[in-house]
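K.L.:
Mind having a look at this structure? Questions to follow.
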Amino acid sequence: MLLAAALALTACSGGAATNSTGKRGPITIWYSNNEQEVVWGKQMVAAWNAKHPSEQVKGQEIPAGKSSEEVIGAAITAGNAPCLIYNTAPSAVGQFEKQGGLVDLSAIKDGASYIEARSGDVAKQYQNTKGDYFQMPWKSNPVEIFYNKELFAKAGLDPENPQLSTYADFIATSKKLVESGVAPNAILPAPTSEFFQSQFDFYPLYAAETNGKQIVKDNKSTFASQAGYDVADFWATLYKDKLAGQEAYTGDAFADGKAAMAIVGPWAISVYKGVKWGSVPVPTKDGTPANKTWTFSDAKNIGLYSACKNQSTAWDVLKFSTSKAQDGKLLELTGQMPLRANLQNTYPDYFAKNPAYAAFGDQASRTVEVPPGPNTVEMLQVFRDAWTSAVIFGKGDVHKALDDAAAKIDKIAKQP
């Protein structure tokens with residue numbers, strides 16, 4: 001993987017920095033180039049600057065590159081990273097920490113307490129293996145199943161009460177969809193080998209089946225288990241029975257009617273305005289109530305980078321940008337879920353006015369993140385390689401593939 005290689009090349013042994021400067025003054029921040037997040041970022045910067053004339057913030061979109069992670073890794077190596085980046089992927093945080101590029105937020109007087117007060121129990125998933133925070137949990141896109149109501153109706157299925165909660169029901173529904181000819185695929189997650197793709201097929205269902213278990217915990221894999229086998233067998237059946245395609249689709253399969261279902265986050269609500277869709281939680285083997293189902297978070301977080309000269313200002317800006325007021329703006333402008341405890345109770349008016357987002361607001365309290373550490377990308381790539389071969393393309397025994405991947409990952413997880 002290009003990302004894994006880039007991160008490995010930029011790694012150094014200097015260790016992670018701490019917030020020791022106590023300096024104040026102007027800072028620069030990067031935010032995503034997503035149109036809605038740019039609008040949020042600009043208004044946040046303007047609101048801060050209006051009240052802090054001597055601590056002005058310059059906000060800009062993250063520079064273009066093959067990936068945000070490669071751009072950030074290169075900036076760390078060059079020593080010119082901005083103070084804050086609002087597009088920090090949890091999978092890359094451990095490597096950025098290893099490079100010495102991130103400030104340990106736990107070393108700030110109110111760092112850990114602020115993070116945990118805002119995010120609640122979910123915050124602990126974003127600690128490193130020593131229990132420190134090198135990222136601020138910021139926002140999530142908890143994934144669910146979107147389904148096309150019109151295609152379901154054409155296939156003779158009830159679009160208001162889809163049978164999708166158990167593996168058996170999901171497979172039976174998928175067969176009716178494909179056999180009826182309404183779409184060539186019941187569902188079409190990307191059948192490609194990038195390390196992050198398992199976060200949109202295996203991982204959400206594994207999180208649901210295990211009530212929120214990470215695939216690696218305490219430097220040991222968890223997925224070579226009955227729950228992992230069951231999830232893998234479910235997906236293997238979808239591929240074997242040609243209910244999910246083995247070839248990548250270059251467009252948007254759900255929008256284009258090439259798939260009757262998709263695994264997506266709340267961002268999809270604004271994207272699929274032209275589709276009459278419904279949403280349900282991801283399935284489990286025997287069915288789980290919606291209000292108890294876990295899923296993958298698809299989060300992006302905030303990093304405070306050690307190249308920053310005015311770290312005290314940066315910390316104050318970070319807190320300002322994750323305040324109740326600014327989290328509310330984020331929700332309104334982007335539809336993404338702030339990683340904030342009691343989200344629905346905090347913004348009842350928003351969810352009352354935007355009922356389509358209510359299920360995602362509830363789901364946001366039950367999300368699972370990628371495992372921490374400097375080798376996260378490498379571990380996820382090992383898993384994806386095994387998954388692609390055995391599950392998607394049916395090469396070899398599925399359970400043995402997971403066992404072999406687990407053995408490799410256990411070794412990688414223990415590496416510094």
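Chain labels run A, B, ... following the order of the structure tokens; each chain numbers its residues from 1, and ligands are numbered from 1 in the order shown.
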From a DSSP calculation on the backbone, collect every residue of range 207-266 of chain A in strand (DSSP E or B) and output the set as a list in words.
P.N.:
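Matching residues, listed in order: Val216, Lys217, Lys220, Ser221, Ala259, Ala260, Met261, Ala262, Ile263 and Val264 of chain A.
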K.L.:
Save the residues we just selected, N, CA and C atoms, as an mmCIF file, in the first residue's frame?
P.N.:
data_model
loop_
_atom_site.group_PDB
_atom_site.id
_atom_site.type_symbol
_atom_site.label_atom_id
_atom_site.label_comp_id
_atom_site.auth_asym_id
_atom_site.auth_seq_id
_atom_site.Cartn_x
_atom_site.Cartn_y
_atom_site.Cartn_z
ATOM 1 N N VAL A 216 -8.471 -5.863 17.148
ATOM 2 C CA VAL A 216 -7.235 -6.113 17.893
ATOM 3 C C VAL A 216 -7.380 -5.426 19.240
ATOM 4 N N LYS A 217 -7.159 -6.162 20.299
ATOM 5 C CA LYS A 217 -7.292 -5.621 21.656
ATOM 6 C C LYS A 217 -6.116 -6.090 22.492
ATOM 7 N N LYS A 220 -3.503 -8.169 20.705
ATOM 8 C CA LYS A 220 -3.864 -9.513 20.251
ATOM 9 C C LYS A 220 -5.147 -9.444 19.431
ATOM 10 N N SER A 221 -5.159 -10.143 18.294
ATOM 11 C CA SER A 221 -6.332 -10.140 17.427
ATOM 12 C C SER A 221 -7.501 -10.849 18.106
ATOM 13 N N ALA A 259 -26.701 -1.515 -7.416
ATOM 14 C CA ALA A 259 -26.829 -2.259 -6.162
ATOM 15 C C ALA A 259 -28.055 -1.738 -5.432
ATOM 16 N N ALA A 260 -28.810 -2.644 -4.847
ATOM 17 C CA ALA A 260 -30.036 -2.248 -4.156
ATOM 18 C C ALA A 260 -29.776 -1.776 -2.738
ATOM 19 N N MET A 261 -28.553 -2.048 -2.228
ATOM 20 C CA MET A 261 -28.191 -1.654 -0.862
ATOM 21 C C MET A 261 -26.757 -1.149 -0.829
ATOM 22 N N ALA A 262 -26.425 -0.445 0.241
ATOM 23 C CA ALA A 262 -25.070 0.058 0.437
ATOM 24 C C ALA A 262 -24.815 0.228 1.928
ATOM 25 N N ILE A 263 -23.552 0.143 2.325
ATOM 26 C CA ILE A 263 -23.154 0.438 3.704
ATOM 27 C C ILE A 263 -22.588 1.848 3.720
ATOM 28 N N VAL A 264 -23.281 2.761 4.374
ATOM 29 C CA VAL A 264 -22.939 4.183 4.309
ATOM 30 C C VAL A 264 -23.165 4.859 5.657
#
K.L.:
Mind checking which residues fall within 9 Å of range 43-58 of chain A, counting only C-alpha atoms, ignoring those fewer than 6 positions away in the same chain, and posting them as a list in words?
P.N.:
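Skipping anything fewer than 6 positions along the chain leaves Arg24, Gly25, Pro26, Ile27, Thr28, Ile29, Trp30, Thr313, Ala314, Val317, Phe320, Ser321, Gln326 and Lys329 of chain A.
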K.L.:
Write the residues you've just listed into a file as an mmCIF file, in the first residue's frame, and include C-alpha atoms for each of them.
P.N.:
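Contents of the output file result.cif:
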data_model
loop_
_atom_site.group_PDB
_atom_site.id
_atom_site.type_symbol
_atom_site.label_atom_id
_atom_site.label_comp_id
_atom_site.auth_asym_id
_atom_site.auth_seq_id
_atom_site.Cartn_x
_atom_site.Cartn_y
_atom_site.Cartn_z
ATOM 1 C CA ARG A 24 0.340 32.103 22.339
ATOM 2 C CA GLY A 25 -0.073 33.827 19.021
ATOM 3 C CA PRO A 26 -1.220 33.212 15.446
ATOM 4 C CA ILE A 27 -1.707 29.641 14.254
ATOM 5 C CA THR A 28 -2.550 27.822 11.031
ATOM 6 C CA ILE A 29 -5.043 24.974 10.767
ATOM 7 C CA TRP A 30 -6.035 22.565 8.004
ATOM 8 C CA THR A 313 -3.440 29.005 21.507
ATOM 9 C CA ALA A 314 -3.848 25.831 19.464
ATOM 10 C CA VAL A 317 -8.807 26.775 19.489
ATOM 11 C CA PHE A 320 -13.427 26.203 21.010
ATOM 12 C CA SER A 321 -13.955 24.211 17.817
ATOM 13 C CA GLN A 326 -19.425 24.552 17.322
ATOM 14 C CA LYS A 329 -22.749 23.991 13.793
#
K.L.:
Give the answer as one residue: which of A:Glu194, A:Asp158, A:Glu37, A:Glu150 has the shortest atom-to-atom distance to Leu331 in chain A, using only C-alpha atoms?
P.N.:
A:Glu37
K.L.:
Which residues are near range 294-310 of chain A? Cut-off 7 Å, only C-alpha atoms, ignore same chain within fewer than 6 positions. Put them as an NGL selection string.
P.N.:
:A and (17 or 23-25 or 27 or 79-90 or 101-103 or 134-143 or 199 or 203-205 or 207-208 or 211-212 or 366-369)
K.L.:
Write out as a ChimeraX atom specification which residues come within 10 Å of Val182 in chain A when counting only C-alpha atoms, dropping same-chain ones fewer than 2 positions away.
P.N.:
/A:150-155,176-180,184-186,257-260
K.L.:
Using the selection just defined, write its residues with C-alpha atoms as a CSV table (one decimal), in the first residue's frame.
P.N.:
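That gives us out04.csv:
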chain,number,residue,atom,x,y,z
A,150,GLU,CA,-38.3,1.4,-5.1
A,151,LEU,CA,-36.2,-1.5,-6.1
A,152,PHE,CA,-37.4,-3.5,-3.0
A,153,ALA,CA,-41.0,-2.8,-4.1
A,154,LYS,CA,-40.3,-3.9,-7.7
A,155,ALA,CA,-38.8,-7.1,-6.3
A,176,LYS,CA,-35.0,-12.0,-4.3
A,177,LEU,CA,-33.5,-8.7,-5.4
A,178,VAL,CA,-31.1,-10.2,-7.8
A,179,GLU,CA,-33.3,-13.0,-9.1
A,180,SER,CA,-36.1,-10.4,-9.8
A,184,PRO,CA,-27.3,-6.8,-10.7
A,185,ASN,CA,-26.1,-6.7,-7.1
A,186,ALA,CA,-27.9,-6.8,-3.8
A,257,GLY,CA,-29.1,1.4,-9.4
A,258,LYS,CA,-26.3,-1.2,-9.8
A,259,ALA,CA,-26.8,-2.3,-6.2
A,260,ALA,CA,-30.0,-2.2,-4.2
K.L.:
Kindly give the distance, in Å, that separates CA of Lys66 in chain A and CA of Ala390 in chain A, rounded to a single decimal.
P.N.:
28.4 Å
K.L.:
Please return as an MDAnalysis selection string: the residues of range 202-317 of chain A that backbone DSSP assigns to alpha helix (DSSP H).
P.N.:
chainID A and resid 202:209 226:240 268:271 311:317
K.L.:
Keeping only N, CA and C atoms, write those residues as a compact mmCIF listing (two decimals), in the first residue's frame.
P.N.:
# COMPACT_ATOMS: atom_id res chain seq x y z
N PHE A 202 -16.50 -6.08 6.52
CA PHE A 202 -16.32 -6.95 7.69
C PHE A 202 -16.54 -6.22 9.02
N TYR A 203 -15.85 -5.10 9.20
CA TYR A 203 -15.76 -4.50 10.52
C TYR A 203 -17.12 -4.05 11.10
N PRO A 204 -18.00 -3.41 10.32
CA PRO A 204 -19.30 -3.03 10.92
C PRO A 204 -20.08 -4.24 11.43
N LEU A 205 -20.08 -5.32 10.66
CA LEU A 205 -20.83 -6.51 11.07
C LEU A 205 -20.15 -7.22 12.23
N TYR A 206 -18.82 -7.17 12.27
CA TYR A 206 -18.11 -7.78 13.40
C TYR A 206 -18.39 -6.98 14.67
N ALA A 207 -18.40 -5.66 14.56
CA ALA A 207 -18.73 -4.81 15.72
C ALA A 207 -20.13 -5.14 16.22
N ALA A 208 -21.07 -5.33 15.30
CA ALA A 208 -22.45 -5.63 15.69
C ALA A 208 -22.56 -7.01 16.32
N GLU A 209 -21.86 -7.98 15.75
CA GLU A 209 -21.96 -9.36 16.23
C GLU A 209 -21.32 -9.53 17.60
N GLN A 226 -15.63 -17.45 16.66
CA GLN A 226 -16.88 -17.84 16.02
C GLN A 226 -17.59 -16.63 15.41
N ALA A 227 -17.56 -15.51 16.11
CA ALA A 227 -18.19 -14.30 15.57
C ALA A 227 -17.53 -13.87 14.27
N GLY A 228 -16.19 -13.90 14.25
CA GLY A 228 -15.47 -13.53 13.03
C GLY A 228 -15.75 -14.50 11.90
N TYR A 229 -15.77 -15.78 12.21
CA TYR A 229 -16.08 -16.78 11.18
C TYR A 229 -17.48 -16.57 10.62
N ASP A 230 -18.43 -16.29 11.51
CA ASP A 230 -19.82 -16.12 11.06
C ASP A 230 -19.95 -14.93 10.11
N VAL A 231 -19.30 -13.82 10.45
CA VAL A 231 -19.35 -12.65 9.58
C VAL A 231 -18.70 -12.97 8.24
N ALA A 232 -17.55 -13.63 8.27
CA ALA A 232 -16.84 -13.97 7.03
C ALA A 232 -17.67 -14.93 6.18
N ASP A 233 -18.29 -15.91 6.81
CA ASP A 233 -19.12 -16.86 6.07
C ASP A 233 -20.30 -16.15 5.41
N PHE A 234 -20.88 -15.19 6.11
CA PHE A 234 -22.00 -14.42 5.57
C PHE A 234 -21.59 -13.72 4.27
N TRP A 235 -20.47 -13.01 4.32
CA TRP A 235 -20.01 -12.29 3.14
C TRP A 235 -19.57 -13.25 2.04
N ALA A 236 -18.92 -14.35 2.43
CA ALA A 236 -18.49 -15.33 1.43
C ALA A 236 -19.68 -15.89 0.67
N THR A 237 -20.80 -16.09 1.36
CA THR A 237 -22.02 -16.58 0.72
C THR A 237 -22.55 -15.56 -0.28
N LEU A 238 -22.54 -14.29 0.10
CA LEU A 238 -23.01 -13.25 -0.82
C LEU A 238 -22.19 -13.23 -2.10
N TYR A 239 -20.87 -13.41 -1.97
CA TYR A 239 -20.02 -13.42 -3.16
C TYR A 239 -20.19 -14.72 -3.96
N LYS A 240 -20.22 -15.83 -3.26
CA LYS A 240 -20.34 -17.14 -3.94
C LYS A 240 -21.64 -17.23 -4.71
N ALA A 268 -24.47 10.18 3.48
CA ALA A 268 -25.22 9.69 2.33
C ALA A 268 -26.59 10.34 2.20
N ILE A 269 -27.11 10.89 3.28
CA ILE A 269 -28.45 11.48 3.24
C ILE A 269 -28.52 12.62 2.23
N SER A 270 -27.51 13.47 2.22
CA SER A 270 -27.50 14.58 1.26
C SER A 270 -27.08 14.12 -0.13
N VAL A 271 -26.29 13.06 -0.20
CA VAL A 271 -25.80 12.58 -1.49
C VAL A 271 -26.89 11.87 -2.29
N GLN A 311 1.37 26.54 20.98
CA GLN A 311 0.54 25.39 21.31
C GLN A 311 -0.58 25.73 22.30
N SER A 312 -0.38 26.71 23.14
CA SER A 312 -1.45 27.07 24.08
C SER A 312 -2.65 27.66 23.33
N THR A 313 -2.36 28.50 22.35
CA THR A 313 -3.44 29.01 21.51
C THR A 313 -4.11 27.86 20.76
N ALA A 314 -3.30 26.96 20.22
CA ALA A 314 -3.85 25.83 19.46
C ALA A 314 -4.79 24.99 20.32
N TRP A 315 -4.41 24.74 21.57
CA TRP A 315 -5.28 23.96 22.45
C TRP A 315 -6.59 24.68 22.72
N ASP A 316 -6.51 25.99 22.92
CA ASP A 316 -7.73 26.76 23.16
C ASP A 316 -8.63 26.75 21.92
N VAL A 317 -8.03 26.84 20.72
CA VAL A 317 -8.81 26.78 19.49
C VAL A 317 -9.44 25.40 19.35
K.L.:
Give me the range 104-214 of chain A side of the contact with range 282-289 of chain A, cut-off 6 Å, one line per residue showing its nearest atom pair and distance in Å at one decimal, counting only C-alpha atoms, sorted by chain and residue number, as a tab-separated table.
P.N.:
residue	atom	partner	partner_atom	distance
A:Glu144	CA	A:Val282	CA	5.5
A:Ile145	CA	A:Val282	CA	5.7
A:Ser165	CA	A:Pro283	CA	4.6
A:Thr166	CA	A:Gly287	CA	4.6
A:Tyr167	CA	A:Lys285	CA	5.0
A:Glu209	CA	A:Thr284	CA	5.4
K.L.:
With N, CA and C atoms kept, could you save the residues just selected as a PDB file, in the first residue's frame?
P.N.:
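What ended up in part-v8.pdb:
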ATOM      1  N   GLU A 144     -24.519   2.357   8.418  1.00  0.00           N
ATOM      2  CA  GLU A 144     -25.713   1.520   8.441  1.00  0.00           C
ATOM      3  C   GLU A 144     -25.976   1.003   7.026  1.00  0.00           C
ATOM      4  N   ILE A 145     -27.046   0.242   6.882  1.00  0.00           N
ATOM      5  CA  ILE A 145     -27.466  -0.244   5.575  1.00  0.00           C
ATOM      6  C   ILE A 145     -28.496   0.711   4.985  1.00  0.00           C
ATOM      7  N   SER A 165     -32.458  -8.069   9.173  1.00  0.00           N
ATOM      8  CA  SER A 165     -31.808  -8.010  10.486  1.00  0.00           C
ATOM      9  C   SER A 165     -30.927  -9.216  10.787  1.00  0.00           C
ATOM     10  N   THR A 166     -31.247 -10.384  10.216  1.00  0.00           N
ATOM     11  CA  THR A 166     -30.418 -11.577  10.439  1.00  0.00           C
ATOM     12  C   THR A 166     -29.657 -11.911   9.168  1.00  0.00           C
ATOM     13  N   TYR A 167     -28.610 -12.711   9.313  1.00  0.00           N
ATOM     14  CA  TYR A 167     -27.854 -13.114   8.125  1.00  0.00           C
ATOM     15  C   TYR A 167     -28.742 -13.901   7.161  1.00  0.00           C
ATOM     16  N   GLU A 209     -21.859  -7.984  15.750  1.00  0.00           N
ATOM     17  CA  GLU A 209     -21.960  -9.359  16.235  1.00  0.00           C
ATOM     18  C   GLU A 209     -21.322  -9.534  17.602  1.00  0.00           C
TER      19      GLU A 209
END
K.L.:
Tell me which protein, DNA and RNA residues are within 6 Å of range 113-124 of chain A, counting only C-alpha atoms, leaving out same-chain ones fewer than 5 positions away, and put them as a PyMOL selection string.
P.N.:
chain A and resi 339-341
K.L.:
Pick the closest to Gly94 in chain A from A:Gln197, A:Thr129, A:Gln363, A:Ser68: which is it, counting only C-alpha atoms?
P.N.:
A:Thr129
K.L.:
Given only C-alpha atoms as the basis, pick out the residue of A:Pro189, A:Lys276, A:Asp397, A:Ala64 nearest to Glu247 in chain A.
P.N.:
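Ranking A:Pro189, A:Lys276, A:Asp397, A:Ala64 by distance to Glu247 in chain A, first place goes to A:Pro189.
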K.L.:
For CA of Tyr147 in chain A and CA of Ser279 in chain A, quote the distance in Å rounded to one decimal.
P.N.:
6.2 Å
